[in-house]
Each structure stands twice: as structure tokens, then as C-alpha cells.
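This report concerns only the one structure given below.
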Amino acid sequence: MIRDVDVAVIGGGSAGLAAAVMAARQGARVMLFERQGFLGGMGTASLVHTFCGLYLLKSGPVAELANPGFPSEMAERMMASTGLGPIRMGRLDVLPQHPVDFVRIADELVKAESSLVVQWHTEVIGVRKNQGRWEIDWSCRGSLGKASTTVIVDASGDAVTAPWIGAAHEVAPRLQRPAYVFGIQGVKAFPDERRLQLAGMLVEGIRTGVLSKAALGLSFRPSGRPGELFGTLDLAGEEGGSIYDPLDPVGLSALEAEGRRVASGALACLREMAPEWSAAFISQWPARAGIRESRRWVGRACLTGAQIEAGTRFADEIGLATWPMEHRENVRGPKWHFPVEDRPTGIPLDCLRIPDHDNLFVAGRCISVDHEAQASIRVMGTCFVTGEAAGVAAAIKAGGGDPTASAVRRIPGHGNFSQAL
Amino acid sequence: MSREVDGIEVIGWLRSEEILMLEEGFTVGDDLFQAGLDSMAVMQLVVAAEEQFGVQLQAGDLTKENLTTAESLATLIRERRT
């Protein structure tokens, strides 16, 4: 059976979730394809546990949401679920989020939309155009199926549709490095100041040859739940012996194995050296390593790092990017580039559109930007923004309307959007 | 290297090793943690200090007081060199 829908969303990470829910709320019949058995992508499968990019960059005492609509709704739902509000990290406000809460919130959001069908455990394996509509091939554990849709939203993170339809795409020569995040329990106390000594113990482990130098990319953060921490390990991605390629299964496989090996070694080391870690254990592996950057679309417009640095605004913007450019091109910690006067940057709708195809929109970390700007727009708070806009634009297009930026901005739930801009 | 390490040298070293991006005009008394020093940067710092100054900083050395400013960090390095 070929299922016939108005909007097909490829990928159920933060952008795909936003796109599918918002398209359904406009009345479109939506199908969402996701390879895991749950939604949330980087925020669930890869255990990334802060929403970055939700708040305006400013030095005031109170964190101020940058975008109304779906990003603000997600912030509210997450705060209600965890009981935690935004926290200040240096100059930045972030919202702690828990992957377990995110999965459940996503379940509730999709269940509320009767015109949205989520197909989990499914990889889209091909897309082609047929008489103006898109035909999608999918695979689920050896079962092959097809869907037909008026509009596609590619929220795959890796621009998977681009090569299939012969559309322009690119992979930057110097990619942001991946992160391997894992859950830890059994740590008796984790006072802030102790982080520095734990870091010293890891270096000691490297000195004595117990740990590999890869452990230098490791840091810890409380999950917000009693007795639970997350470890985040920045990896070079070149563990397989070749240059980092997030689209190569051999390299990705080596990356996963190396993440687990370094994490296990670091835990063993800290159990020996830190008394309060003597009973600590790794309680959760991610479903997959966190990929920060891979293949991107080349769209009708390309947002650049220079535009983010200047805080450029656009007539056809659909929301605001507020996260500074956070470069992680090596495993020596982040390198930050802040915009002048901490200004937000508009995201043009044309960065979500591609040449030659009116009925395909892109969302999330693979929208049309350059490598510098991607270091800002890849974060989940901003993926909610581009996902929402792509979903609304897709529903307008599927309904025969003209998906202009002002039409996308005028949707219900965006009461004070014009003021926010 | 026989000359004593001071805060100015530490600032230049943190910059050149790209351990921290310190703005122009950052002084030896300014707060390194506010400038972004975190546990990961501290690990880089300990490794780099061994190469540059020949000191093996231990976990117990890595207190907030010792690392707060370039001045206090220079003092720590001087103490551990003797």
C-alpha cells in the first residue's frame, strides 16, 4: 500500500519533531519517518542534555526567550517536566533538558495530532519526483514500502535527500567534531569545585598510561536527577585511522567503539582515584554518537558567519538565531565567536528552500548556511525554530498557498512574534 | 628556563596554546573562569604546563584559588618548579 500524505518529514530530531507537529497543527496530513523508536535525535538518541539557542544573548539577570511558538512551547514543557529553569553558563543561558523527559514530551506532542502518523524504526532510502509529487521509498527491518507526498521536509541532519534528487549540497573541509555523551550513576557527591580536581585525576591517568589522550576531551555535568551525571567526550572522529567523515559507516563505527572505550577507562580511573566515585558506574550509552556537522543543503540563500557576527536581519526571516558560533574543530574545547553587541541574527526562509523545487523545505542543522554559521544554527533551540518554519511552510504549500515568510510568521501561537522581531 | 614565570607570561601562554581566548586588555588579576576556563580547559592547561614549564600539577593543586587569575596560576607554577 502506498500511503498518500500532504507533508512527509524525514528525520524526527528536534527540527523534524517541530516540523511534523506544526504542519499537522495547520491541518496537513503528515507522515514522520524516524530511524529510532523514539523522537528527539541529538537530544535523546545522543543524550545532549541542554537546549542551547532558546534565549537572547544578553547580560541581564533574567533569561529571555528569543522565539515564540514551538521553541517557547518546548521550553515550557521541559521546565514543567524537569522542574528546572534556565541556567547561566558563562555569558550564555541554556535550559537543562533530560533525554527521558524529551522522549515523553515528544510522544505527547505527536499523540495530540490526529493527522500525524509517526513511522518509527524506518529509514527513508530513496526519494524521487513523479508528476510534481514526491515518491518516498522506506525500509523497516527488511520490509520495503512507499509513500507519496505533496511536500517533503528534510530534517535528517545529513541532507540525505539532496544526493537522491540531484540537488546541490556540500560537506565542509573542516567539520565540527562529534561528541560522545553517556549516563553515569553512583557518584556520591559532585560539588562544582571538584570538577577541577577530577580533571587533574584524568590527566594523571593519561600521564601514567592508564588512559589514552582522548580522555582530555571529557567533562561532566549533573543531569538534574539525584545521583545522575552525564559525561561528554569530544572526539576527533578519526579513531578509524582515516580523516573524519560522518557519512562513512566505517569511521562512525570506530567512533562509537572509541567513545565507549574512553568512557569506560575514565570511569575506572576515577573509581580508583576519587573516593566519592568508588561506586560510580556507566548507566547509559547513547543510541549513537552526537554528530555536530555533516552534509548541508545549498539553498536559495546561504546564511554566513559574517552575517551572524554582524547580527544581520532579513525581510524574509522566519526566526532568530541567538547562539554564538561555537567551534569544535578539534578536541581542545570550544572556541567561541560572539556577534557584535550580542545581537541575534535573522534566519531567512530562503535558507530552508532550494532552487528548482518549490515543494521541498529543509530544517535543522543541515539548512543552507556556511560552515561558520552552522556553528551557531546547529543547536536544538534553533532547530526548533527552523523546524517549525519548515513545517508551517510545507503545510501552506501543500494546501495550495504561497509560503512566504510573513505567511509563516502569521500562524496561530505566534501572537507577539512581530514585536519579538 | 631560569627566569621566573609571571602573570603576563601566563596570559601569553594561555593565548598561544589556545587554552583560552583572552580579549585584548585582559589583565593578570582578571577572572580566568569568567573568561571560560572550565574542566576541559584545565586538562589542556595541565598538559601544556608540563611541556612549557616542566611542572607536573597534581589534582590537589587544581583549586579555584590557584586557578582564578593569571597571577595566581603563575604563583602555582613557580611554587611547583622549585
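We label chains A, B, ... in the order they appear in the C-alpha cells, count residues from 1 in each chain, and number ligands from 1 in the order shown.
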
Original post:
Out of range 235-420 of chain A, which residues get strand (DSSP E) from DSSP, as a ChimeraX atom specification?
Top reply: /A:281-284,296-297,317-321,325-327,335-337,345-348,353-354,357-362

Original post:
Per DSSP on the backbone, what are the alpha helix (DSSP H) residues of chain B, as a VMD selection string?
Top reply: chain B and resid 7 to 16 39 to 53 64 to 67 70 to 81

Please produce, as CSV, a per-residue contact table for chain B versus chain A (criterion: any atom at most 8 Å away, only C-alpha atoms considered), showing the nearest atom pair and its distance in Å to one decimal, sorted by chain then residue number.
```
residue,atom,partner,partner_atom,distance
B:Ile19,CA,A:Arg332,CA,7.5
B:Met21,CA,A:Lys335,CA,7.5
B:Gln34,CA,A:Gly90,CA,6.1
B:Ala35,CA,A:Gly90,CA,7.8
B:Gly36,CA,A:Gly90,CA,6.7
B:Asp38,CA,A:Leu196,CA,7.7
B:Ser39,CA,A:Leu196,CA,5.3
B:Met40,CA,A:Ser219,CA,6.1
B:Ala41,CA,A:Gly333,CA,6.5
B:Val42,CA,A:Ala199,CA,6.8
B:Met43,CA,A:Ala199,CA,5.7
B:Gln44,CA,A:Arg332,CA,6.9
B:Val46,CA,A:Val203,CA,7.3
B:Val47,CA,A:Val203,CA,7.2
B:Leu57,CA,A:Gly200,CA,7.7
B:Gln58,CA,A:Gly200,CA,6.2
B:Ala59,CA,A:Gly200,CA,4.2
B:Gly60,CA,A:Gln197,CA,6.3
B:Asp61,CA,A:Gln197,CA,7.8
B:Leu62,CA,A:Gln197,CA,5.5
B:Thr63,CA,A:Leu196,CA,6.7
B:Lys64,CA,A:Glu193,CA,6.7
```

Subject >> Contact residues around range 249-253 of chain A with only C-alpha atoms at 9 Å, ignoring same-chain residues under 6 positions, as a ChimeraX atom specification >> reply: /A:237-243,289

**OP:** In Å, rounded to a single decimal, give me how far CA of Ile354 in chain A is from CA of Tyr55 in chain A.
**Re:**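 Interatomic distance, CA of Tyr55 in chain A to CA of Ile354 in chain A: 28.4 Å.
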
Exercise: range 274-278 of chain A partners within 6 Å, only C-alpha atoms, chain neighbours under 2 positions left out, as an mmCIF file with N, CA, C and O atoms, in the first residue's frame:
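So result_13.cif came out as:
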```
data_model
loop_
_atom_site.group_PDB
_atom_site.id
_atom_site.type_symbol
_atom_site.label_atom_id
_atom_site.label_comp_id
_atom_site.auth_asym_id
_atom_site.auth_seq_id
_atom_site.Cartn_x
_atom_site.Cartn_y
_atom_site.Cartn_z
ATOM 1 N N VAL A 187 27.685 8.272 41.772
ATOM 2 C CA VAL A 187 28.642 9.262 42.294
ATOM 3 C C VAL A 187 28.027 9.883 43.548
ATOM 4 O O VAL A 187 26.906 10.389 43.491
ATOM 5 N N LYS A 188 28.741 9.832 44.661
ATOM 6 C CA LYS A 188 28.128 10.221 45.945
ATOM 7 C C LYS A 188 27.964 11.728 46.062
ATOM 8 O O LYS A 188 27.037 12.203 46.708
ATOM 9 N N LEU A 270 38.623 7.078 37.652
ATOM 10 C CA LEU A 270 38.055 7.915 38.717
ATOM 11 C C LEU A 270 37.571 7.068 39.897
ATOM 12 O O LEU A 270 37.615 7.522 41.044
ATOM 13 N N ARG A 271 37.112 5.855 39.638
ATOM 14 C CA ARG A 271 36.721 4.964 40.750
ATOM 15 C C ARG A 271 37.903 4.703 41.683
ATOM 16 O O ARG A 271 37.747 4.619 42.895
ATOM 17 N N ALA A 280 30.859 4.462 41.370
ATOM 18 C CA ALA A 280 30.246 5.035 40.159
ATOM 19 C C ALA A 280 30.223 4.010 39.025
ATOM 20 O O ALA A 280 31.105 3.165 38.929
#
```
